[in-house]
>>> print(open('structure19.cif').read())   # mmCIF, C-alpha atoms
data_model
loop_
_atom_site.label_atom_id
_atom_site.label_comp_id
_atom_site.auth_asym_id
_atom_site.auth_seq_id
_atom_site.Cartn_x
_atom_site.Cartn_y
_atom_site.Cartn_z
CA MET A 28 -17.88 60.96 98.89
CA VAL A 29 -17.51 60.03 102.56
CA GLU A 30 -14.13 61.79 102.64
CA GLU A 31 -15.79 64.92 101.24
CA ALA A 32 -18.48 64.69 103.92
CA LEU A 33 -15.83 64.37 106.65
CA ARG A 34 -14.06 67.51 105.41
CA SER A 35 -17.34 69.46 105.22
CA GLU A 36 -19.36 71.24 107.88
CA PHE A 37 -22.11 68.63 107.68
CA GLN A 38 -22.78 66.69 110.86
CA ILE A 39 -21.78 63.02 110.59
CA GLU A 40 -24.07 60.93 112.75
CA LEU A 41 -22.43 57.62 111.97
CA LEU A 42 -19.35 56.48 110.10
CA ALA A 43 -18.79 52.81 109.28
CA GLY A 44 -15.49 52.08 107.60
CA THR A 45 -12.75 49.53 107.16
CA SER A 46 -9.85 49.86 109.57
CA SER A 47 -7.63 51.19 106.78
CA PHE A 48 -10.20 53.86 105.82
CA ILE A 49 -10.56 54.96 109.43
CA SER A 50 -6.83 55.15 110.05
CA GLN A 51 -6.32 57.13 106.83
CA ASN A 52 -9.01 59.64 107.80
CA LEU A 53 -8.48 59.72 111.57
CA ALA A 54 -7.79 63.46 111.65
CA GLN A 55 -11.28 64.13 110.27
CA THR A 56 -13.27 61.78 112.47
CA GLY A 57 -13.27 64.00 115.57
CA SER A 58 -16.83 65.23 115.12
CA VAL A 59 -18.29 61.86 114.11
CA GLN A 60 -20.96 60.85 116.63
CA GLU A 61 -20.70 57.10 116.20
CA LEU A 62 -17.70 55.39 114.64
CA ILE A 63 -17.88 51.73 113.61
CA GLU A 64 -14.93 49.75 112.35
CA THR A 65 -16.13 47.01 110.04
CA ASP A 66 -15.23 44.96 106.96
CA ASN A 67 -16.13 45.16 103.26
CA GLU A 68 -18.59 42.30 103.53
CA SER A 69 -20.77 44.18 106.03
CA LEU A 70 -20.41 47.41 104.04
CA ASN A 71 -21.61 45.61 100.90
CA LYS A 72 -24.69 44.43 102.75
CA ALA A 73 -25.51 47.89 104.11
CA SER A 74 -24.80 49.92 100.96
CA LEU A 75 -27.31 50.87 98.27
CA LEU A 76 -24.51 51.01 95.68
CA GLN A 77 -23.61 48.22 93.28
CA ASN A 78 -19.91 48.68 93.98
CA PRO A 79 -19.64 49.78 97.61
CA GLN A 80 -16.50 51.50 98.79
CA ASP A 81 -14.54 51.29 102.04
CA ALA A 82 -16.84 53.50 104.08
CA LEU A 83 -20.42 54.52 104.58
CA ALA A 84 -21.69 57.55 106.47
CA LEU A 85 -24.99 58.72 107.87
CA VAL A 86 -25.01 62.51 107.42
CA ARG A 87 -27.55 64.92 108.90
CA GLN A 88 -29.28 67.13 106.34
CA PRO A 89 -28.76 70.79 107.19
CA ILE A 90 -31.88 72.80 107.98
CA ASN A 91 -33.18 74.66 104.92
CA SER A 92 -32.36 78.29 105.68
CA LYS A 93 -31.25 81.31 103.72
CA PRO A 94 -27.45 81.10 103.33
CA GLU A 95 -25.21 84.15 103.38
CA PHE A 96 -24.43 85.65 100.00
CA ASN A 97 -23.92 89.11 98.59
CA LEU A 98 -25.48 89.63 95.20
CA ASN A 99 -23.69 92.95 94.78
CA SER A 100 -20.47 91.04 94.36
CA GLU A 101 -21.24 87.40 93.60
CA LEU A 102 -23.04 85.22 91.11
CA ILE A 103 -25.53 82.59 92.17
CA LEU A 104 -27.69 80.06 90.34
CA ALA A 105 -31.47 79.87 90.72
CA LEU A 106 -33.30 76.75 89.55
CA ASP A 107 -36.90 76.82 88.38
CA PHE A 108 -38.48 73.36 88.76
CA ILE A 109 -35.54 71.10 87.90
CA GLN A 110 -37.07 67.61 87.99
CA ASP A 111 -34.29 65.18 87.12
CA PRO A 112 -31.99 64.28 90.04
CA GLY A 113 -29.08 63.57 87.67
CA ASN A 114 -29.41 67.07 86.24
CA LEU A 115 -29.52 68.68 89.70
CA GLY A 116 -26.46 66.73 90.88
CA THR A 117 -24.56 67.68 87.73
CA ILE A 118 -25.55 71.35 88.15
CA ILE A 119 -24.25 71.30 91.74
CA ARG A 120 -20.93 69.87 90.46
CA ILE A 121 -20.77 72.59 87.78
CA ALA A 122 -21.45 75.34 90.35
CA ASP A 123 -18.59 73.99 92.47
CA TRP A 124 -16.21 74.03 89.47
CA PHE A 125 -17.13 77.58 88.51
CA GLY A 126 -16.90 79.00 92.03
CA ILE A 127 -20.63 79.59 92.49
CA SER A 128 -21.24 78.81 96.13
CA THR A 129 -25.02 79.14 96.40
CA ILE A 130 -27.93 77.59 94.51
CA VAL A 131 -31.46 78.85 95.17
CA CYS A 132 -34.08 76.25 94.24
CA SER A 133 -37.79 76.69 93.57
CA GLU A 134 -39.87 74.68 96.01
CA ASN A 135 -40.86 72.22 93.27
CA THR A 136 -37.25 71.43 92.33
CA VAL A 137 -36.19 67.84 93.12
CA ASP A 138 -34.78 67.39 96.67
CA CYS A 139 -31.03 68.02 96.64
CA PHE A 140 -30.53 65.21 99.18
CA ASN A 141 -32.14 62.64 96.90
CA PRO A 142 -29.51 59.83 96.66
CA LYS A 143 -29.20 60.26 92.89
CA VAL A 144 -28.51 63.97 93.31
CA VAL A 145 -25.88 63.34 95.97
CA GLN A 146 -24.24 60.70 93.74
CA ALA A 147 -24.24 62.86 90.58
CA SER A 148 -22.79 65.82 92.51
CA MET A 149 -19.61 63.79 93.10
CA GLY A 150 -19.20 65.29 96.56
CA ALA A 151 -19.95 68.87 95.55
CA ILE A 152 -23.21 68.68 97.55
CA PHE A 153 -21.02 69.05 100.67
CA ARG A 154 -19.48 72.31 99.44
CA ILE A 155 -22.40 74.14 97.80
CA LYS A 156 -25.08 75.93 99.82
CA THR A 157 -28.62 75.15 98.67
CA TRP A 158 -31.79 76.97 99.66
CA TYR A 159 -35.36 75.98 98.75
CA THR A 160 -37.67 78.97 98.71
CA SER A 161 -40.34 80.72 96.66
CA LEU A 162 -38.37 81.48 93.50
CA ASN A 163 -40.76 84.19 92.35
CA ASN A 164 -40.53 86.10 95.65
CA PHE A 165 -36.74 85.72 95.65
CA LEU A 166 -36.39 87.03 92.09
CA GLU A 167 -38.86 89.86 92.68
CA GLU A 168 -36.85 91.04 95.68
CA ASN A 169 -33.66 91.06 93.61
CA VAL A 170 -35.25 93.02 90.82
CA LYS A 171 -36.36 95.61 93.42
CA ASN A 172 -32.75 95.80 94.62
CA GLN A 173 -31.53 96.28 91.03
CA ILE A 174 -29.59 93.03 91.02
CA PRO A 175 -29.12 91.68 87.46
CA VAL A 176 -31.25 88.58 86.82
CA TYR A 177 -30.25 86.47 83.79
CA GLY A 178 -32.11 83.59 82.21
CA THR A 179 -31.95 81.55 79.01
CA PHE A 180 -34.83 81.59 76.54
CA LEU A 181 -35.26 80.40 72.96
CA ASP A 182 -35.83 84.03 71.93
CA GLY A 183 -33.06 85.52 74.10
CA ARG A 184 -29.97 87.45 73.01
CA ASN A 185 -26.76 85.72 71.89
CA ILE A 186 -24.87 84.98 75.13
CA TYR A 187 -21.51 85.18 73.36
CA ALA A 188 -22.09 88.81 72.38
CA GLU A 189 -23.74 90.02 75.59
CA VAL A 190 -22.23 92.05 78.42
CA LEU A 191 -22.32 89.82 81.51
CA THR A 192 -21.74 91.10 85.03
CA CYS A 193 -19.70 89.45 87.80
CA ASN A 194 -22.70 89.52 90.09
CA GLY A 195 -26.34 88.58 89.93
CA VAL A 196 -28.65 85.62 89.53
CA ILE A 197 -28.62 83.12 86.64
CA VAL A 198 -32.01 81.37 86.38
CA MET A 199 -32.13 77.93 84.74
CA GLY A 200 -35.50 76.47 83.81
CA ASN A 201 -37.36 73.17 83.79
CA GLU A 202 -36.25 70.33 81.50
CA GLY A 203 -39.37 70.35 79.37
CA ASN A 204 -40.75 73.86 79.67
CA GLY A 205 -37.82 76.14 80.45
CA ILE A 206 -38.29 79.10 82.79
CA SER A 207 -41.92 79.56 83.91
CA LYS A 208 -43.87 82.63 82.81
CA GLU A 209 -44.05 83.84 86.41
CA ALA A 210 -40.29 83.62 87.01
CA GLY A 211 -39.56 84.86 83.49
CA GLN A 212 -41.11 88.27 84.20
CA PHE A 213 -38.33 88.95 86.73
CA VAL A 214 -35.51 88.16 84.29
CA SER A 215 -33.81 91.41 83.27
CA THR A 216 -31.48 89.95 80.61
CA ARG A 217 -32.86 87.19 78.39
CA LEU A 218 -29.99 85.12 76.99
CA PHE A 219 -29.76 82.41 74.34
CA ILE A 220 -27.05 79.87 73.54
CA PRO A 221 -26.99 79.87 69.72
CA SER A 222 -26.92 76.63 67.78
CA PHE A 223 -24.26 76.18 65.11
CA SER A 224 -26.07 73.33 63.40
CA ILE A 225 -26.74 73.70 59.69
CA ASN A 226 -29.19 70.82 59.83
CA GLU A 227 -32.81 71.67 59.01
CA ASN A 228 -34.18 69.33 61.66
CA LYS A 229 -31.75 70.40 64.33
CA SER A 230 -32.25 69.95 68.08
CA GLU A 231 -34.57 72.42 69.70
CA SER A 232 -32.70 72.67 72.96
CA LEU A 233 -29.75 71.64 75.08
CA ASN A 234 -29.99 69.58 78.26
CA VAL A 235 -30.36 71.97 81.24
CA ALA A 236 -27.11 70.87 82.88
CA ILE A 237 -25.25 71.42 79.58
CA ALA A 238 -26.82 74.87 79.23
CA THR A 239 -25.85 75.68 82.84
CA ALA A 240 -22.24 74.71 82.12
CA ILE A 241 -22.04 76.91 79.03
CA CYS A 242 -23.63 79.86 80.88
CA CYS A 243 -21.25 79.52 83.83
CA SER A 244 -18.29 79.22 81.47
CA GLU A 245 -19.35 82.40 79.65
CA PHE A 246 -19.83 84.38 82.88
CA ARG A 247 -16.52 83.24 84.31
CA ARG A 248 -14.12 83.39 81.38
CA ARG A 249 -14.45 87.17 80.92
CA MET B 26 -37.71 60.30 68.28
CA VAL B 27 -39.68 58.29 65.73
CA GLU B 28 -40.39 61.48 63.80
CA GLU B 29 -36.64 62.21 63.77
CA ALA B 30 -35.98 58.70 62.47
CA LEU B 31 -38.56 59.15 59.71
CA ARG B 32 -36.90 62.39 58.58
CA SER B 33 -33.43 60.80 58.61
CA GLU B 34 -31.63 58.60 56.11
CA PHE B 35 -31.91 55.58 58.40
CA GLN B 36 -33.86 52.63 57.03
CA ILE B 37 -37.16 52.08 58.89
CA GLU B 38 -37.99 48.38 58.89
CA LEU B 39 -41.25 48.73 60.78
CA LEU B 40 -43.40 51.56 62.02
CA ALA B 41 -46.27 50.96 64.43
CA GLY B 42 -48.31 54.01 65.26
CA THR B 43 -51.73 55.29 66.14
CA SER B 44 -53.88 56.35 63.22
CA SER B 45 -53.41 60.02 64.16
CA PHE B 46 -49.60 59.64 64.27
CA ILE B 47 -49.56 57.94 60.88
CA SER B 48 -51.83 60.50 59.24
CA GLN B 49 -49.71 63.35 60.66
CA ASN B 50 -46.50 61.81 59.33
CA LEU B 51 -47.81 60.29 56.10
CA ALA B 52 -45.42 62.25 53.90
CA GLN B 53 -42.45 60.61 55.64
CA THR B 54 -43.68 57.02 55.65
CA GLY B 55 -42.90 56.29 51.99
CA SER B 56 -39.72 54.34 52.68
CA VAL B 57 -41.10 52.41 55.68
CA GLN B 58 -40.99 48.69 54.91
CA GLU B 59 -43.86 47.63 57.16
CA LEU B 60 -46.48 50.03 58.46
CA ILE B 61 -48.85 48.96 61.25
CA GLU B 62 -51.76 51.04 62.45
CA THR B 63 -52.46 50.23 66.07
CA ASP B 64 -53.68 51.70 69.36
CA ASN B 65 -51.96 53.02 72.49
CA GLU B 66 -52.75 49.89 74.45
CA SER B 67 -50.75 47.69 72.07
CA LEU B 68 -47.94 50.28 71.90
CA ASN B 69 -47.73 50.30 75.70
CA LYS B 70 -47.32 46.53 75.70
CA ALA B 71 -44.58 46.60 73.06
CA SER B 72 -42.57 49.58 74.34
CA LEU B 73 -39.60 49.46 76.70
CA LEU B 74 -40.44 52.97 77.93
CA GLN B 75 -42.39 53.77 81.07
CA ASN B 76 -44.41 56.39 79.22
CA PRO B 77 -44.79 55.14 75.66
CA GLN B 78 -45.69 57.59 72.94
CA ASP B 79 -47.91 57.30 69.87
CA ALA B 80 -45.46 55.40 67.73
CA LEU B 81 -42.69 52.85 67.79
CA ALA B 82 -40.16 52.11 65.06
CA LEU B 83 -37.72 49.36 64.25
CA VAL B 84 -34.74 51.08 62.63
CA ARG B 85 -31.83 49.37 60.90
CA GLN B 86 -28.40 50.27 62.29
CA PRO B 87 -26.20 51.67 59.54
CA ILE B 88 -23.05 49.71 58.71
CA ASN B 89 -20.03 51.04 60.59
CA SER B 90 -17.99 52.72 57.86
CA LYS B 91 -15.81 55.80 57.55
CA PRO B 92 -18.12 58.76 56.91
CA GLU B 93 -17.16 61.65 54.67
CA PHE B 94 -15.53 64.60 56.39
CA ASN B 95 -12.84 67.10 55.57
CA LEU B 96 -10.54 67.88 58.46
CA ASN B 97 -8.99 70.78 56.58
CA SER B 98 -12.23 72.67 56.98
CA GLU B 99 -14.31 71.04 59.71
CA LEU B 100 -14.19 70.09 63.37
CA ILE B 101 -15.00 66.61 64.59
CA LEU B 102 -15.12 64.94 68.00
CA ALA B 103 -13.12 61.81 68.84
CA LEU B 104 -14.07 59.79 71.93
CA ASP B 105 -11.55 57.72 73.86
CA PHE B 106 -13.35 54.94 75.79
CA ILE B 107 -16.55 56.72 76.84
CA GLN B 108 -18.30 54.13 79.00
CA ASP B 109 -21.53 55.69 80.19
CA PRO B 110 -24.40 55.56 77.66
CA GLY B 111 -25.98 58.70 79.13
CA ASN B 112 -22.75 60.59 78.54
CA LEU B 113 -22.42 59.36 74.95
CA GLY B 114 -26.04 60.27 74.15
CA THR B 115 -25.57 63.73 75.67
CA ILE B 116 -22.33 64.21 73.69
CA ILE B 117 -24.17 63.31 70.44
CA ARG B 118 -26.82 65.90 71.31
CA ILE B 119 -24.10 68.51 71.99
CA ALA B 120 -22.36 67.74 68.69
CA ASP B 121 -25.67 68.27 66.87
CA TRP B 122 -26.19 71.64 68.60
CA PHE B 123 -22.71 72.86 67.77
CA GLY B 124 -22.77 71.76 64.15
CA ILE B 125 -20.24 68.95 64.52
CA SER B 126 -21.51 66.29 62.15
CA THR B 127 -19.08 63.43 62.82
CA ILE B 128 -18.01 61.59 65.98
CA VAL B 129 -15.15 59.10 65.79
CA CYS B 130 -15.30 56.56 68.64
CA SER B 131 -12.59 54.29 69.98
CA GLU B 132 -13.55 50.65 69.64
CA ASN B 133 -14.05 50.34 73.41
CA THR B 134 -16.53 53.24 73.58
CA VAL B 135 -20.09 52.19 74.50
CA ASP B 136 -22.27 51.25 71.49
CA CYS B 137 -23.99 54.35 70.12
CA PHE B 138 -27.11 52.28 69.40
CA ASN B 139 -27.46 51.23 73.04
CA PRO B 140 -31.08 52.22 73.95
CA LYS B 141 -29.86 54.59 76.69
CA VAL B 142 -27.58 56.38 74.21
CA VAL B 143 -30.39 56.71 71.66
CA GLN B 144 -32.71 58.06 74.37
CA ALA B 145 -30.19 60.57 75.78
CA SER B 146 -29.36 61.84 72.29
CA MET B 147 -32.96 63.10 71.98
CA GLY B 148 -33.05 62.22 68.29
CA ALA B 149 -29.60 63.62 67.45
CA ILE B 150 -28.39 60.02 66.86
CA PHE B 151 -30.28 60.20 63.54
CA ARG B 152 -28.39 63.30 62.39
CA ILE B 153 -24.81 62.69 63.56
CA LYS B 154 -22.43 60.32 61.76
CA THR B 155 -20.60 57.95 64.10
CA TRP B 156 -17.64 55.76 63.24
CA TYR B 157 -16.01 53.16 65.51
CA THR B 158 -12.36 52.61 64.62
CA SER B 159 -8.88 52.36 66.12
CA LEU B 160 -8.59 55.78 67.73
CA ASN B 161 -4.81 55.66 67.89
CA ASN B 162 -4.44 54.89 64.17
CA PHE B 163 -6.96 57.59 63.30
CA LEU B 164 -5.19 60.22 65.39
CA GLU B 165 -1.74 59.18 64.14
CA GLU B 166 -2.88 59.61 60.54
CA ASN B 167 -4.19 63.10 61.31
CA VAL B 168 -0.96 64.11 62.99
CA LYS B 169 0.93 62.97 59.86
CA ASN B 170 -1.40 65.16 57.78
CA GLN B 171 -0.76 68.14 60.09
CA ILE B 172 -4.38 68.31 61.23
CA PRO B 173 -4.67 69.98 64.67
CA VAL B 174 -5.57 67.49 67.39
CA TYR B 175 -6.92 68.96 70.65
CA GLY B 176 -7.55 67.23 73.96
CA THR B 177 -8.28 68.21 77.55
CA PHE B 178 -5.85 67.35 80.33
CA LEU B 179 -5.48 68.42 83.96
CA ASP B 180 -2.11 69.97 83.05
CA GLY B 181 -3.23 71.53 79.76
CA ARG B 182 -3.31 75.19 78.77
CA ASN B 183 -6.20 77.51 79.63
CA ILE B 184 -8.78 76.94 76.87
CA TYR B 185 -10.12 80.50 77.26
CA ALA B 186 -6.74 81.99 76.31
CA GLU B 187 -5.76 79.57 73.58
CA VAL B 188 -5.94 80.04 69.81
CA LEU B 189 -8.42 77.47 68.50
CA THR B 190 -8.79 76.59 64.83
CA CYS B 191 -12.04 76.02 62.90
CA ASN B 192 -10.85 72.60 61.84
CA GLY B 193 -9.36 69.56 63.49
CA VAL B 194 -10.12 66.85 66.01
CA ILE B 195 -11.21 67.38 69.64
CA VAL B 196 -10.45 64.26 71.72
CA MET B 197 -12.51 63.64 74.86
CA GLY B 198 -11.37 61.01 77.34
CA ASN B 199 -12.74 58.31 79.58
CA GLU B 200 -14.92 59.22 82.60
CA GLY B 201 -12.43 57.97 85.18
CA ASN B 202 -9.06 58.18 83.49
CA GLY B 203 -9.30 60.87 80.84
CA ILE B 204 -7.42 60.48 77.57
CA SER B 205 -5.25 57.35 77.45
CA LYS B 206 -1.47 57.67 77.29
CA GLU B 207 -1.45 56.13 73.81
CA ALA B 208 -4.02 58.56 72.39
CA GLY B 209 -2.52 61.45 74.35
CA GLN B 210 0.76 61.27 72.44
CA PHE B 211 -1.08 62.33 69.26
CA VAL B 212 -2.66 65.41 70.86
CA SER B 213 -0.92 68.51 69.49
CA THR B 214 -2.66 71.08 71.75
CA ARG B 215 -3.32 70.10 75.36
CA LEU B 216 -6.18 72.16 76.75
CA PHE B 217 -7.60 72.65 80.25
CA ILE B 218 -10.91 74.10 81.44
CA PRO B 219 -9.86 76.11 84.49
CA SER B 220 -11.80 75.89 87.74
CA PHE B 221 -12.95 79.10 89.39
CA SER B 222 -13.56 77.51 92.76
CA ILE B 223 -11.85 79.08 95.75
CA ASN B 224 -12.63 75.99 97.84
CA GLU B 225 -9.61 74.04 99.05
CA ASN B 226 -11.33 70.69 98.55
CA LYS B 227 -12.69 71.56 95.16
CA SER B 228 -13.77 69.05 92.49
CA GLU B 229 -10.98 67.45 90.53
CA SER B 230 -12.83 67.25 87.26
CA LEU B 231 -15.95 67.97 85.27
CA ASN B 232 -18.25 65.31 83.85
CA VAL B 233 -17.06 64.43 80.30
CA ALA B 234 -20.29 65.59 78.63
CA ILE B 235 -20.04 68.93 80.48
CA ALA B 236 -16.39 69.31 79.41
CA THR B 237 -17.37 68.48 75.80
CA ALA B 238 -20.04 71.18 75.87
CA ILE B 239 -17.63 73.82 77.15
CA CYS B 240 -14.99 72.85 74.57
CA CYS B 241 -17.49 72.96 71.71
CA SER B 242 -18.81 76.31 72.95
CA GLU B 243 -15.27 77.72 73.03
CA PHE B 244 -14.40 76.48 69.54
CA ARG B 245 -17.62 77.76 68.04
CA ARG B 246 -18.12 81.17 69.65
CA ARG B 247 -14.95 82.66 68.12
#
>>> encode(input="structure19.cif", output="structure tokens")
Amino acid sequence: MVEEALRSEFQIELLAGTSSFISQNLAQTGSVQELIETDNESLNKASLLQNPQDALALVRQPINSKPEFNLNSELILALDFIQDPGNLGTIIRIADWFGISTIVCSENTVDCFNPKVVQASMGAIFRIKTWYTSLNNFLEENVKNQIPVYGTFLDGRNIYAEVLTCNGVIVMGNEGNGISKEAGQFVSTRLFIPSFSINENKSESLNVAIATAICCSEFRRR
Amino acid sequence: MVEEALRSEFQIELLAGTSSFISQNLAQTGSVQELIETDNESLNKASLLQNPQDALALVRQPINSKPEFNLNSELILALDFIQDPGNLGTIIRIADWFGISTIVCSENTVDCFNPKVVQASMGAIFRIKTWYTSLNNFLEENVKNQIPVYGTFLDGRNIYAEVLTCNGVIVMGNEGNGISKEAGQFVSTRLFIPSFSINENKSESLNVAIATAICCSEFRRR
């Protein structure tokens, strides 16, 4: 994780590492403001993790501002009130895998710099641009600009049979309630991931990170 | 979750619930050995959850035995040393969604009745058959019987372009190390979920539950 931070554009305020870690990553430490060589015992004391590694970094959170993206040519994710930090971290990791470089988050989505989010992202937090803004205003603007806005709903159309574009916004909804009514009115294509269960009492839904992965896979494979 | 248990074939040793819960589920309580009507205060004291619900059940774990399945006509999942209970529970939920009724687990996979697994499965644990056995022996036997055995590897073939059968075994590997060498030798089709990231320092892998979801989606959509 610290290596990912060093290779990113994030500002590293402080890096504490073992001498071997520092020598192995010397080329990347140029922009580090304060560099401390230390031992594993001190790192164990300072770390919040159960199994601390060979380095620890204090990284400045970037200012929340609109990143550059072009919705005429690229896909982005928009999250509507994702509450669970593990889910958000996993979604960031999925976006990284599927080449989606921007995630727009509703203002009530869990903070992407929550330690559990950072951990679950497995370093992808340092590569993906996040922007917290009014989701409804953002979606409304895209609809005005005729950008396709996709979302998953229980009564949507079979994603496997649908025409999906290479650009636009994919909205993923809250863990318990899905996409809000307000955001839902800006979704131009309502999708659904069909269940193949033959069980009467089958599950009603998929976890939101799982649904995000299947959506991204479907958009990208074509 | 308790409602799912009541509708399942699992044996309910004890059910404690509020009077409204019991009256709503009366039709399903016939096989409950001990039924206790109680109030939320007592349930809160007895529950391990932070936000206890209106009922609590003591359910007997089924004996670990080979379930019925026919690999000439159906797909099953086989797990090679899945360690994280959240991942196993999520995989059980995915299997339920995609109509995969059996999961074969290596003996070193985390216990599927671990409370975190049960919780993450969102009730699917009561619908999916699990069987802990020697994974290598199980896979070897299937190879002998010419059953297709699939697995994901970093050097596998693009899953989106591959011919996938409606029957066989899909092996998913350990969180850190993937499929073991021993199990890997019985995999007849080595698959890979390609990354679409253009980032130099992109992620090396997907979370195992995410990879399972994408594999199941690919097998089922065709």
>>> interface_residues(input="structure19.cif", of="chain A", to="chain B", cutoff="8 Å", atoms="all atoms listed in the file", output="PyMOL selection string")
chain A and resi 31+117+120-121+123-127+149-151+154+187+222-226+228-230+232-234+236-237+240-241+244+247-248
>>> resolve_selection(input="structure19.cif", expression="the PyMOL selection byres ((chain B and resi 199-215) around 8)", output="JSON, numbers by chain")
{"B": [104, 105, 106, 107, 108, 109, 160, 161, 164, 165, 168, 173, 174, 175, 176, 177, 178, 180, 181, 182, 196, 197, 198, 216, 217, 232, 233]}
>>> atom_distance(input="structure19.cif", atom1="atom CA of Ser100 of chain A", atom2="atom CA of Leu179 of chain B")
29.1 Å
>>> residues_around(input="structure19.cif", residues="Gln88 of chain A", least_positions_apart="5", cutoff="9 Å", atoms="all atoms listed in the file", output="PyMOL selection string")
chain A and resi 37-38+140
>>> axis_aligned_box(input="structure19.cif", around="segment 230-239 of chain B", padding_each_side="8 Å", output="lines of an AutoDock Vina configuration file")
center_x = -16.6
center_y = 69.1
center_z = 81.5
size_x = 23.5
size_y = 25.4
size_z = 27.5
>>> resolve_selection(input="structure19.cif", expression="the PyMOL selection byres ((chain A and resi 144) around 8)", output="list in words")
Pro112, Gly113, Asn114, Leu115, Gly116, Thr117, Asp138, Cys139, Phe140, Asn141, Pro142, Lys143, Val145, Gln146, Ala147 and Ser148 of chain A
>>> decode(input="structure19.cif", residues="segment 118-130 of chain A", atoms="C-alpha atoms", output="CSV table (one decimal), in the first residue's frame")
chain,number,residue,atom,x,y,z
A,118,ILE,CA,-15.7,-1.1,-5.7
A,119,ILE,CA,-12.7,1.2,-6.1
A,120,ARG,CA,-10.5,-2.0,-6.7
A,121,ILE,CA,-13.0,-3.2,-9.3
A,122,ALA,CA,-13.0,0.2,-11.1
A,123,ASP,CA,-9.2,0.0,-11.3
A,124,TRP,CA,-9.3,-3.5,-12.8
A,125,PHE,CA,-11.9,-2.5,-15.4
A,126,GLY,CA,-10.2,0.7,-16.4
A,127,ILE,CA,-12.7,3.1,-15.0
A,128,SER,CA,-10.7,6.0,-13.7
A,129,THR,CA,-13.3,8.1,-12.0
A,130,ILE,CA,-16.0,7.5,-9.3
